[in-house]
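Q: File name run-v6.cif; file contents mmCIF, C-alpha atoms; full text below.
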```
data_protein
#
loop_
_atom_site.label_atom_id
_atom_site.label_comp_id
_atom_site.auth_asym_id
_atom_site.auth_seq_id
_atom_site.Cartn_x
_atom_site.Cartn_y
_atom_site.Cartn_z
CA MET A 1354 -2.08 -18.94 -7.94
CA GLY A 1355 -5.86 -19.10 -8.20
CA ASP A 1356 -6.07 -22.66 -6.87
CA LEU A 1357 -3.84 -21.81 -3.89
CA ILE A 1358 -5.87 -18.71 -3.00
CA THR A 1359 -9.07 -20.75 -3.21
CA ARG A 1360 -7.68 -23.48 -0.94
CA LEU A 1361 -6.36 -20.94 1.56
CA ALA A 1362 -9.58 -18.92 1.63
CA SER A 1363 -11.78 -22.00 1.99
CA ARG A 1364 -9.58 -23.51 4.76
CA GLU A 1365 -9.02 -26.59 2.59
CA ALA A 1366 -5.27 -25.97 2.57
CA ARG A 1367 -2.90 -27.87 4.82
CA VAL A 1368 -0.58 -25.56 6.78
CA GLY A 1369 2.88 -26.65 7.88
CA VAL A 1370 4.71 -24.93 10.73
CA ILE A 1371 8.43 -25.61 11.13
CA GLY A 1372 9.52 -25.14 14.73
CA LEU A 1373 6.98 -25.63 17.52
CA GLY A 1374 8.43 -23.37 20.20
CA TYR A 1375 7.26 -20.12 21.76
CA VAL A 1376 6.41 -18.73 18.31
CA GLY A 1377 5.50 -21.80 16.27
CA LEU A 1378 3.09 -23.56 18.63
CA PRO A 1379 0.80 -20.53 19.23
CA LEU A 1380 0.78 -19.96 15.46
CA ALA A 1381 0.01 -23.61 14.72
CA THR A 1382 -2.88 -23.70 17.18
CA ALA A 1383 -4.28 -20.44 15.77
CA PHE A 1384 -4.32 -21.93 12.26
CA ALA A 1385 -5.87 -25.16 13.52
CA ASP A 1386 -8.49 -23.26 15.50
CA ALA A 1387 -9.39 -21.35 12.31
CA GLY A 1388 -10.23 -24.62 10.59
CA TYR A 1389 -7.02 -25.53 8.78
CA GLU A 1390 -5.38 -28.92 9.05
CA VAL A 1391 -2.02 -28.11 10.59
CA LEU A 1392 1.11 -30.25 10.54
CA GLY A 1393 3.96 -29.17 12.79
CA PHE A 1394 7.57 -30.08 12.04
CA GLU A 1395 10.08 -30.60 14.83
CA VAL A 1396 13.59 -31.99 15.20
CA ASP A 1397 12.75 -32.73 18.85
CA GLU A 1398 10.87 -36.03 18.92
CA SER A 1399 9.60 -35.40 22.46
CA LYS A 1400 7.82 -32.20 21.34
CA ALA A 1401 6.21 -33.91 18.34
CA LYS A 1402 5.08 -36.76 20.60
CA ALA A 1403 3.63 -34.33 23.16
CA ILE A 1404 1.56 -32.53 20.52
CA ASN A 1405 0.23 -35.78 19.05
CA GLU A 1406 -0.78 -36.90 22.54
CA GLY A 1407 -2.55 -33.59 23.21
CA HIS A 1408 -0.02 -32.05 25.59
CA SER A 1409 1.31 -28.49 25.63
CA TYR A 1410 4.78 -27.48 26.82
CA ILE A 1411 4.29 -23.75 26.18
CA PRO A 1412 2.55 -21.79 28.99
CA ASP A 1413 0.78 -19.49 26.50
CA VAL A 1414 -0.92 -22.47 24.85
CA PRO A 1415 -3.42 -24.24 27.15
CA GLU A 1416 -3.14 -28.01 27.22
CA ALA A 1417 -6.90 -28.30 26.75
CA GLU A 1418 -6.60 -26.41 23.46
CA VAL A 1419 -3.88 -28.71 22.13
CA ALA A 1420 -5.85 -31.76 23.24
CA ARG A 1421 -9.02 -30.48 21.55
CA LEU A 1422 -7.31 -29.67 18.25
CA ALA A 1423 -5.25 -32.87 18.19
CA GLY A 1424 -8.33 -34.92 19.05
CA ALA A 1425 -10.24 -33.30 16.19
CA GLY A 1426 -7.46 -34.22 13.76
CA ARG A 1427 -6.65 -30.58 12.98
CA LEU A 1428 -3.27 -30.46 14.74
CA SER A 1429 -0.46 -33.00 14.57
CA ALA A 1430 3.33 -33.00 14.56
CA THR A 1431 6.10 -34.97 12.91
CA THR A 1432 9.87 -35.24 12.58
CA ASP A 1433 9.53 -36.44 8.97
CA PHE A 1434 10.31 -33.39 6.82
CA ALA A 1435 9.43 -35.30 3.65
CA ARG A 1436 5.81 -34.55 4.56
CA LEU A 1437 6.43 -30.88 3.74
CA SER A 1438 5.39 -31.74 0.19
CA SER A 1439 1.84 -32.33 1.46
CA CYS A 1440 1.52 -28.76 2.77
CA ASP A 1441 0.06 -25.91 0.75
CA ALA A 1442 1.54 -23.22 3.01
CA ILE A 1443 4.63 -23.44 5.23
CA SER A 1444 5.58 -21.03 8.02
CA VAL A 1445 9.14 -21.14 9.31
CA CYS A 1446 9.44 -20.33 13.03
CA VAL A 1447 12.93 -21.45 14.00
CA PRO A 1448 15.42 -19.79 16.40
CA THR A 1449 17.89 -17.18 15.13
CA PRO A 1450 20.58 -16.82 17.80
CA LEU A 1451 23.84 -14.92 17.64
CA ARG A 1452 27.27 -16.50 17.47
CA LYS A 1453 29.78 -15.69 20.21
CA THR A 1454 31.21 -13.10 17.80
CA ARG A 1455 27.79 -11.35 17.76
CA ASP A 1456 27.32 -12.35 14.11
CA PRO A 1457 23.99 -13.80 12.90
CA ASP A 1458 23.65 -17.56 13.19
CA LEU A 1459 21.33 -18.60 10.35
CA THR A 1460 21.95 -22.32 10.87
CA TYR A 1461 18.33 -23.11 11.72
CA ILE A 1462 16.90 -20.98 8.90
CA VAL A 1463 19.27 -22.54 6.37
CA GLU A 1464 18.50 -26.06 7.56
CA ALA A 1465 14.74 -25.45 7.41
CA THR A 1466 15.06 -23.93 3.94
CA LYS A 1467 17.09 -26.88 2.68
CA ASN A 1468 14.40 -29.26 3.95
CA ILE A 1469 11.70 -27.26 2.19
CA ALA A 1470 13.73 -27.16 -1.05
CA LYS A 1471 14.06 -30.95 -1.03
CA HIS A 1472 10.29 -31.34 -1.00
CA LEU A 1473 9.13 -28.13 -2.70
CA ARG A 1474 6.37 -28.40 -5.29
CA PRO A 1475 4.65 -25.84 -7.52
CA GLY A 1476 1.87 -23.81 -5.94
CA GLN A 1477 3.22 -23.74 -2.39
CA LEU A 1478 3.53 -20.67 -0.16
CA VAL A 1479 6.56 -20.32 2.12
CA VAL A 1480 6.63 -17.66 4.84
CA LEU A 1481 9.66 -16.94 7.03
CA GLU A 1482 8.71 -15.64 10.48
CA SER A 1483 12.08 -15.96 12.24
CA THR A 1484 13.67 -12.60 13.04
CA THR A 1485 16.74 -11.92 10.92
CA TYR A 1486 18.73 -9.20 9.17
CA PRO A 1487 17.25 -7.22 6.24
CA GLY A 1488 17.88 -9.14 3.04
CA THR A 1489 17.78 -12.71 4.39
CA THR A 1490 14.61 -13.75 2.56
CA ILE A 1491 15.84 -12.46 -0.79
CA GLU A 1492 19.54 -13.26 -0.44
CA VAL A 1493 19.47 -16.59 1.45
CA VAL A 1494 16.05 -18.22 1.44
CA ALA A 1495 14.91 -17.52 -2.15
CA PRO A 1496 18.10 -18.81 -3.87
CA GLN A 1497 18.09 -21.97 -1.74
CA LEU A 1498 14.45 -22.71 -2.58
CA GLU A 1499 15.08 -22.10 -6.27
CA THR A 1500 17.66 -24.91 -6.28
CA ALA A 1501 14.60 -27.16 -6.51
CA GLY A 1502 14.18 -25.90 -10.08
CA TYR A 1503 11.21 -23.64 -9.42
CA ARG A 1504 11.01 -19.84 -9.72
CA VAL A 1505 9.95 -17.69 -6.79
CA GLY A 1506 6.86 -15.64 -7.56
CA VAL A 1507 6.05 -17.85 -10.53
CA ASP A 1508 6.06 -21.49 -9.44
CA PHE A 1509 5.90 -20.91 -5.67
CA HIS A 1510 5.30 -17.95 -3.38
CA LEU A 1511 7.62 -16.51 -0.73
CA ALA A 1512 7.16 -13.84 1.93
CA PHE A 1513 8.53 -12.61 5.23
CA SER A 1514 6.12 -11.96 8.09
CA PRO A 1515 7.82 -11.16 11.41
CA GLU A 1516 6.59 -12.97 14.48
CA ARG A 1517 5.17 -10.67 17.15
CA ILE A 1518 4.68 -13.14 19.98
CA ASP A 1519 4.94 -11.66 23.48
CA PRO A 1520 5.16 -14.60 25.94
CA GLY A 1521 3.00 -14.14 29.01
CA ASN A 1522 0.91 -11.36 27.45
CA GLU A 1523 -2.74 -12.16 28.10
CA VAL A 1524 -4.04 -9.09 26.24
CA TYR A 1525 -2.29 -9.28 22.87
CA THR A 1526 -2.26 -12.70 21.21
CA VAL A 1527 -1.76 -14.00 17.67
CA VAL A 1528 -5.31 -13.00 16.79
CA ASN A 1529 -5.38 -9.32 17.85
CA THR A 1530 -1.75 -8.39 17.10
CA PRO A 1531 -1.51 -6.86 13.60
CA LYS A 1532 0.54 -8.89 11.10
CA ILE A 1533 3.14 -7.38 8.76
CA ILE A 1534 3.68 -9.15 5.42
CA GLY A 1535 6.29 -8.51 2.76
CA GLY A 1536 6.09 -10.74 -0.31
CA VAL A 1537 8.66 -11.10 -3.07
CA THR A 1538 5.97 -10.29 -5.67
CA PRO A 1539 2.39 -8.93 -5.52
CA ASP A 1540 1.10 -12.51 -5.96
CA CYS A 1541 3.25 -13.62 -3.03
CA ASN A 1542 1.76 -10.82 -0.94
CA GLU A 1543 -1.77 -11.83 -1.94
CA ALA A 1544 -1.21 -15.47 -1.02
CA ALA A 1545 0.34 -14.66 2.37
CA LYS A 1546 -2.36 -12.08 3.09
CA THR A 1547 -5.10 -14.62 2.36
CA LEU A 1548 -3.48 -17.12 4.73
CA TYR A 1549 -2.94 -14.79 7.68
CA GLU A 1550 -6.25 -12.96 7.37
CA ALA A 1551 -7.83 -16.23 8.47
CA ILE A 1552 -6.27 -15.93 11.93
CA VAL A 1553 -5.31 -12.25 12.43
CA ASN A 1554 -7.68 -9.30 12.71
CA THR A 1555 -5.39 -6.83 10.92
CA VAL A 1556 -2.89 -7.54 8.13
CA MET A 1557 -0.62 -4.84 6.69
CA LEU A 1558 1.31 -5.31 3.46
CA VAL A 1559 4.73 -3.69 2.91
CA SER A 1560 6.71 -3.37 -0.30
CA SER A 1561 9.15 -6.26 0.12
CA PRO A 1562 10.44 -8.99 2.44
CA THR A 1563 13.42 -6.73 3.24
CA ALA A 1564 11.08 -3.95 4.38
CA ALA A 1565 9.20 -6.44 6.60
CA GLU A 1566 12.49 -7.67 8.07
CA MET A 1567 13.44 -4.07 8.85
CA VAL A 1568 10.07 -3.43 10.52
CA LYS A 1569 10.76 -6.17 13.05
CA LEU A 1570 14.25 -4.87 13.79
CA LEU A 1571 12.96 -1.32 14.24
CA GLU A 1572 10.39 -2.55 16.77
CA ASN A 1573 12.96 -4.37 18.88
CA THR A 1574 15.72 -1.79 18.47
CA PHE A 1575 13.25 0.87 19.66
CA ARG A 1576 12.74 -1.12 22.86
CA ALA A 1577 16.42 -1.93 23.36
CA VAL A 1578 17.51 1.70 22.93
CA ASN A 1579 14.80 3.10 25.20
CA ILE A 1580 15.49 0.49 27.87
CA GLY A 1581 19.17 1.41 27.64
CA LEU A 1582 18.22 5.08 28.08
CA VAL A 1583 16.05 4.50 31.15
CA ASN A 1584 18.65 2.16 32.67
CA GLU A 1585 21.21 4.97 32.40
CA VAL A 1586 18.64 7.37 33.88
CA ALA A 1587 18.35 4.99 36.85
CA ILE A 1588 22.10 5.22 37.39
CA ILE A 1589 22.01 9.01 36.98
CA ALA A 1590 19.11 9.36 39.45
CA ASP A 1591 20.97 7.17 41.96
CA LYS A 1592 24.07 9.35 41.73
CA LEU A 1593 21.91 12.46 42.21
CA GLY A 1594 20.14 10.93 45.21
CA LEU A 1595 16.79 10.82 43.40
CA ASP A 1596 14.10 8.14 43.16
CA VAL A 1597 14.00 7.07 39.51
CA TRP A 1598 10.51 5.59 39.91
CA GLU A 1599 9.15 8.92 41.14
CA ILE A 1600 10.79 10.66 38.17
CA ILE A 1601 9.30 8.26 35.62
CA GLU A 1602 5.84 8.34 37.20
CA ALA A 1603 5.79 12.13 37.08
CA ALA A 1604 7.12 12.29 33.50
CA ALA A 1605 4.47 9.77 32.39
CA THR A 1606 1.72 12.25 33.23
CA LYS A 1607 2.65 14.18 30.09
CA PRO A 1608 -0.03 13.23 27.53
CA PHE A 1609 2.18 13.75 24.48
CA GLY A 1610 5.80 13.28 23.45
CA PHE A 1611 6.68 10.80 26.21
CA MET A 1612 6.35 7.03 26.61
CA PRO A 1613 7.36 5.49 29.94
CA PHE A 1614 10.02 2.77 30.01
CA TYR A 1615 11.23 1.23 33.26
CA PRO A 1616 14.72 0.29 34.44
CA GLY A 1617 15.76 -3.25 35.25
CA PRO A 1618 18.74 -5.56 35.72
CA GLY A 1619 19.39 -5.81 31.98
CA LEU A 1620 17.78 -7.30 28.88
CA GLY A 1621 16.48 -10.83 28.43
CA GLY A 1622 14.51 -13.03 26.07
CA HIS A 1623 14.94 -14.32 22.55
CA CYS A 1624 14.31 -10.96 20.84
CA ILE A 1625 15.31 -7.65 22.43
CA PRO A 1626 18.93 -8.47 23.41
CA ILE A 1627 19.57 -10.30 20.12
CA ASP A 1628 17.74 -8.69 17.21
CA PRO A 1629 19.41 -5.24 17.12
CA HIS A 1630 22.74 -7.01 16.55
CA TYR A 1631 21.40 -8.40 13.28
CA LEU A 1632 21.00 -4.82 12.11
CA SER A 1633 24.43 -3.83 13.44
CA TRP A 1634 26.05 -6.74 11.62
CA LYS A 1635 24.29 -5.93 8.34
CA LEU A 1636 25.32 -2.27 8.51
CA ARG A 1637 28.94 -3.19 9.27
CA THR A 1638 28.99 -4.91 5.88
CA LEU A 1639 27.97 -1.52 4.43
CA ASN A 1640 30.71 0.31 6.34
CA TYR A 1641 28.31 1.99 8.77
CA ARG A 1642 28.35 1.89 12.56
CA THR A 1643 25.02 1.72 14.41
CA ARG A 1644 26.05 3.88 17.35
CA PHE A 1645 22.73 4.02 19.24
CA ILE A 1646 22.44 0.24 19.19
CA GLU A 1647 26.01 -0.25 20.40
CA LEU A 1648 25.64 2.31 23.20
CA ALA A 1649 22.34 0.86 24.42
CA ASP A 1650 23.84 -2.62 24.33
CA ASP A 1651 26.82 -1.47 26.39
CA ILE A 1652 24.58 0.10 29.05
CA ASN A 1653 22.17 -2.85 29.22
CA ASN A 1654 25.00 -5.41 29.37
CA HIS A 1655 26.54 -3.62 32.35
CA MET A 1656 23.31 -3.51 34.39
CA PRO A 1657 24.01 -6.90 36.07
CA ASP A 1658 27.31 -5.42 37.36
CA TYR A 1659 25.40 -2.40 38.64
CA VAL A 1660 22.89 -4.65 40.43
CA VAL A 1661 25.69 -6.64 42.09
CA GLU A 1662 27.33 -3.38 43.21
CA LYS A 1663 24.02 -2.23 44.72
CA ILE A 1664 23.67 -5.55 46.54
CA GLY A 1665 27.19 -5.20 47.91
CA ALA A 1666 26.44 -1.67 49.08
CA ALA A 1667 23.22 -2.78 50.78
CA LEU A 1668 25.01 -5.60 52.62
CA ASN A 1669 27.79 -3.21 53.59
CA GLU A 1670 25.24 -0.98 55.33
CA ASP A 1671 24.44 -4.00 57.51
CA VAL A 1672 28.16 -4.67 58.09
CA LYS A 1673 28.11 -7.85 55.96
CA PRO A 1674 30.29 -8.96 53.08
CA ILE A 1675 28.86 -10.62 49.96
CA ARG A 1676 30.96 -13.70 50.74
CA GLY A 1677 28.96 -16.03 52.95
CA SER A 1678 25.74 -14.01 52.73
CA LYS A 1679 22.53 -15.80 51.78
CA ILE A 1680 20.90 -14.02 48.85
CA LEU A 1681 17.41 -14.76 47.62
CA VAL A 1682 16.83 -14.22 43.89
CA LEU A 1683 13.18 -13.75 42.98
CA GLY A 1684 12.64 -14.24 39.26
CA VAL A 1685 15.03 -16.13 37.01
CA ALA A 1686 13.02 -15.94 33.77
CA TYR A 1687 13.55 -12.75 31.76
CA LYS A 1688 10.00 -11.54 32.55
CA ARG A 1689 7.19 -12.48 34.87
CA ASP A 1690 4.75 -15.37 34.39
CA ILE A 1691 6.84 -17.26 31.83
CA THR A 1692 9.32 -20.16 31.93
CA ASP A 1693 11.79 -18.79 29.36
CA TRP A 1694 15.15 -17.74 30.83
CA ARG A 1695 17.04 -17.24 27.55
CA GLU A 1696 19.42 -14.26 27.87
CA SER A 1697 17.95 -13.49 31.30
CA PRO A 1698 20.09 -10.97 33.23
CA ALA A 1699 19.29 -12.93 36.38
CA ILE A 1700 21.78 -15.58 35.25
CA PRO A 1701 24.90 -13.33 35.15
CA ILE A 1702 23.77 -11.69 38.40
CA ILE A 1703 23.63 -15.10 40.10
CA GLU A 1704 26.99 -16.08 38.59
CA LYS A 1705 28.67 -12.83 39.67
CA LEU A 1706 27.31 -13.14 43.22
CA ARG A 1707 28.47 -16.73 43.48
CA ALA A 1708 31.89 -15.74 42.18
CA ARG A 1709 32.11 -13.34 45.13
CA GLY A 1710 31.24 -16.11 47.56
CA ALA A 1711 27.50 -15.47 48.06
CA ARG A 1712 25.18 -18.35 48.80
#
```
Once more with this new file: its structure as structure tokens, please.

A:
Amino acid sequence: MGDLITRLASREARVGVIGLGYVGLPLATAFADAGYEVLGFEVDESKAKAINEGHSYIPDVPEAEVARLAGAGRLSATTDFARLSSCDAISVCVPTPLRKTRDPDLTYIVEATKNIAKHLRPGQLVVLESTTYPGTTIEVVAPQLETAGYRVGVDFHLAFSPERIDPGNEVYTVVNTPKIIGGVTPDCNEAAKTLYEAIVNTVMLVSSPTAAEMVKLLENTFRAVNIGLVNEVAIIADKLGLDVWEIIEAAATKPFGFMPFYPGPGLGGHCIPIDPHYLSWKLRTLNYRTRFIELADDINNHMPDYVVEKIGAALNEDVKPIRGSKILVLGVAYKRDITDWRESPAIPIIEKLRARGAR
């Protein structure tokens, strides 16, 4: 433990980051910029090649930054997972999608954990950042890592620290967004805290990995439920002949007890539409129904239908059918100034309009 803390605190440790996407690449560059030698692990050879040649494929990470860090020998990438044994700390930043049945798909987490277990050595720190259901770190990751013959909290350290990346946000970055850490043991917490304090201004420790997993789901469920509420308010205001934007603007003048949310065509992105379902699934195994989550999901999922109905009504006012009309869609990504269109409500809107014959 002491040797690991010393290496982490002195920046002599090598940091591995598994998954160099919207979460992993900003994290990897932050560690490299703080003075660590960072080795990224990717299954996509083209991404590993791009990093090694100093190119960025993530809008939030400037190409000049990747080129500088790669040129200085502080940032590199590989598809050879055997090199995990050379890392003192490993952060796992892989996707956690849902299956078509709305059940958690832990395929990427399990595969990453198996790769770590194959090359695990005493004294390493492993941190899972991928959003998942409460209990994953303890129930899935820890047992898999211990198949290497080492004990968590004794021979190696394990923690969960939820990613809080907001693509396109120029105000809050890795550095000034507080980091939540939940270690399996106090020593695990101390090791993870030492690592992340090197790149994040504020680190907060919670009692366990499960608590940290729940923190992330509360954050995203809060947004999903409130977006569902304001989307229903938009429908209500429309039926009452009111301007929902006027209503929200006026309500937002209240300096306490109110936080403005704004209606839209639905939910998009890799977090908000997905993560609450991890909590719903977990609670179903405990014979409990998460009613707020299900209701918000129902409202948000029907917003593309509402948008298409509004488009049809607008065309009808001009004596035009949807079929044959030319419709311009501005914005396909799930939010402005990014290239990510995962779960974007623009996609079903386009598909529904085309199904009705629109051009």

Q: List the residues selected by the PyMOL selection byres ((chain A and resi 1478-1493) around 9) in the file shown, writing them as an MDAnalysis selection string.

A: chainID A and resid 1357 1376 1440:1449 1457 1459 1462:1463 1466 1469 1476:1477 1494:1498 1509:1516 1536:1537 1541 1544:1545 1562:1567 1569:1570 1624 1628:1635

Q: Quick one: everything within 6 Å of region 1695-1701 of chain A, counting all atoms listed in the file, minus sequence neighbours fewer than 2 positions away in the same chain. Send it as a PDB file with C-alpha atoms, keeping the file's coordinate frame.

A:
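Dumped everything to around.pdb:
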```
ATOM      1  CA  GLY A1619      19.390  -5.810  31.980  1.00  0.00           C
ATOM      2  CA  GLY A1621      16.480 -10.830  28.430  1.00  0.00           C
ATOM      3  CA  GLY A1622      14.510 -13.030  26.070  1.00  0.00           C
ATOM      4  CA  VAL A1685      15.030 -16.130  37.010  1.00  0.00           C
ATOM      5  CA  TYR A1687      13.550 -12.750  31.760  1.00  0.00           C
ATOM      6  CA  ASP A1693      11.790 -18.790  29.360  1.00  0.00           C
ATOM      7  CA  ILE A1703      23.630 -15.100  40.100  1.00  0.00           C
ATOM      8  CA  GLU A1704      26.990 -16.080  38.590  1.00  0.00           C
ATOM      9  CA  LYS A1705      28.670 -12.830  39.670  1.00  0.00           C
TER      10      LYS A1705
END
```

Q: Quick one, how far is CA of Gly1710 (chain A) from CA of Lys1679 (chain A)?

A: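 Pair CA of Gly1710 (chain A) / CA of Lys1679 (chain A) returns 9.7 Å.
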
Q: Out of A:Pro1657, A:Arg1642, A:Thr1547, A:Pro1616, which residue has the shortest atom-to-atom distance to Ala1590 (chain A) when counting only C-alpha atoms?

A: A:Pro1616

Q: Give the answer as one residue: which of A:Thr1382, A:Thr1454, A:Thr1606, A:Thr1432 has the shortest atom-to-atom distance to Ala1401 (chain A), using all atoms listed in the file?

A: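 Ranked by minimum distance to Ala1401 (chain A), first place goes to A:Thr1432.
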
Q: Please evaluate the PyMOL selection byres ((chain A and resi 1386-1395) around 8) against the structure above and give the resulting residues as a PyMOL selection string.

A: chain A and resi 1364-1373+1381-1385+1396-1398+1400-1401+1422+1426-1434+1440+1551-1552

Q: Can you find the residues with an atom no farther than 10 Å from (14.2, -29.2, -10.4), counting all atoms listed in the file, and report them as a list in words?

A: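 Final list of nearby residues, as requested, is Ala1470, Lys1471, Leu1473, Arg1474, Glu1499, Thr1500, Ala1501, Gly1502, Tyr1503 and Arg1504 of chain A.
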
Q: Could you take the residues named above and write them with C-alpha atoms, as a tab-separated table (two decimals), keeping the file's coordinate frame?

A:
```tsv
chain	number	residue	atom	x	y	z
A	1470	ALA	CA	13.73	-27.16	-1.05
A	1471	LYS	CA	14.06	-30.95	-1.03
A	1473	LEU	CA	9.13	-28.13	-2.70
A	1474	ARG	CA	6.37	-28.40	-5.29
A	1499	GLU	CA	15.08	-22.10	-6.27
A	1500	THR	CA	17.66	-24.91	-6.28
A	1501	ALA	CA	14.60	-27.16	-6.51
A	1502	GLY	CA	14.18	-25.90	-10.08
A	1503	TYR	CA	11.21	-23.64	-9.42
A	1504	ARG	CA	11.01	-19.84	-9.72
```

Q: One decimal, in Å: what's the spacing between CA of Ile1518 (chain A) and CA of Thr1530 (chain A)?

A: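 Taking CA of Ile1518 (chain A) and CA of Thr1530 (chain A), their separation equals 8.5 Å.
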
Q: Just the number, please: distance in Å from CA of Ile1589 (chain A) to CA of Lys1663 (chain A), one decimal.

A: 13.8 Å

Q: Nearest to Ala1577 (chain A) among A:Asp1651, A:Asn1669, A:Glu1416, A:Gly1677, with distances taken over only C-alpha atoms: which residue is it?

A: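 Residue with the minimum atom-to-atom distance to Ala1577 (chain A): A:Asp1651.
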
Q: When the PyMOL selection byres ((chain A and resi 1553) around 8) is applied to the file above, which residues end up in the set, as a list in words?

A: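 So the PyMOL selection byres ((chain A and resi 1553) around 8), applied here, picks out Val1527, Val1528, Asn1529, Thr1530, Pro1531, Lys1532, Tyr1549, Glu1550, Ala1551, Ile1552, Asn1554, Thr1555 and Val1556 of chain A.
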
Q: Which neighbours of Asp1650 (chain A) fall inside 12 Å, counting all atoms listed in the file, when residues of the same chain fewer than 6 positions from it are skipped, and could you give them as a PDB file with C-alpha atoms, in the frame of the given file?

A:
```
ATOM      1  CA  ARG A1455      27.790 -11.350  17.760  1.00  0.00           C
ATOM      2  CA  THR A1574      15.720  -1.790  18.470  1.00  0.00           C
ATOM      3  CA  ARG A1576      12.740  -1.120  22.860  1.00  0.00           C
ATOM      4  CA  ALA A1577      16.420  -1.930  23.360  1.00  0.00           C
ATOM      5  CA  VAL A1578      17.510   1.700  22.930  1.00  0.00           C
ATOM      6  CA  ASN A1579      14.800   3.100  25.200  1.00  0.00           C
ATOM      7  CA  ILE A1580      15.490   0.490  27.870  1.00  0.00           C
ATOM      8  CA  GLY A1581      19.170   1.410  27.640  1.00  0.00           C
ATOM      9  CA  LEU A1582      18.220   5.080  28.080  1.00  0.00           C
ATOM     10  CA  ASN A1584      18.650   2.160  32.670  1.00  0.00           C
ATOM     11  CA  GLU A1585      21.210   4.970  32.400  1.00  0.00           C
ATOM     12  CA  GLY A1619      19.390  -5.810  31.980  1.00  0.00           C
ATOM     13  CA  LEU A1620      17.780  -7.300  28.880  1.00  0.00           C
ATOM     14  CA  GLY A1621      16.480 -10.830  28.430  1.00  0.00           C
ATOM     15  CA  ILE A1625      15.310  -7.650  22.430  1.00  0.00           C
ATOM     16  CA  PRO A1626      18.930  -8.470  23.410  1.00  0.00           C
ATOM     17  CA  ILE A1627      19.570 -10.300  20.120  1.00  0.00           C
ATOM     18  CA  ASP A1628      17.740  -8.690  17.210  1.00  0.00           C
ATOM     19  CA  PRO A1629      19.410  -5.240  17.120  1.00  0.00           C
ATOM     20  CA  HIS A1630      22.740  -7.010  16.550  1.00  0.00           C
ATOM     21  CA  SER A1633      24.430  -3.830  13.440  1.00  0.00           C
ATOM     22  CA  THR A1643      25.020   1.720  14.410  1.00  0.00           C
ATOM     23  CA  ARG A1644      26.050   3.880  17.350  1.00  0.00           C
ATOM     24  CA  MET A1656      23.310  -3.510  34.390  1.00  0.00           C
TER      25      MET A1656
END
```
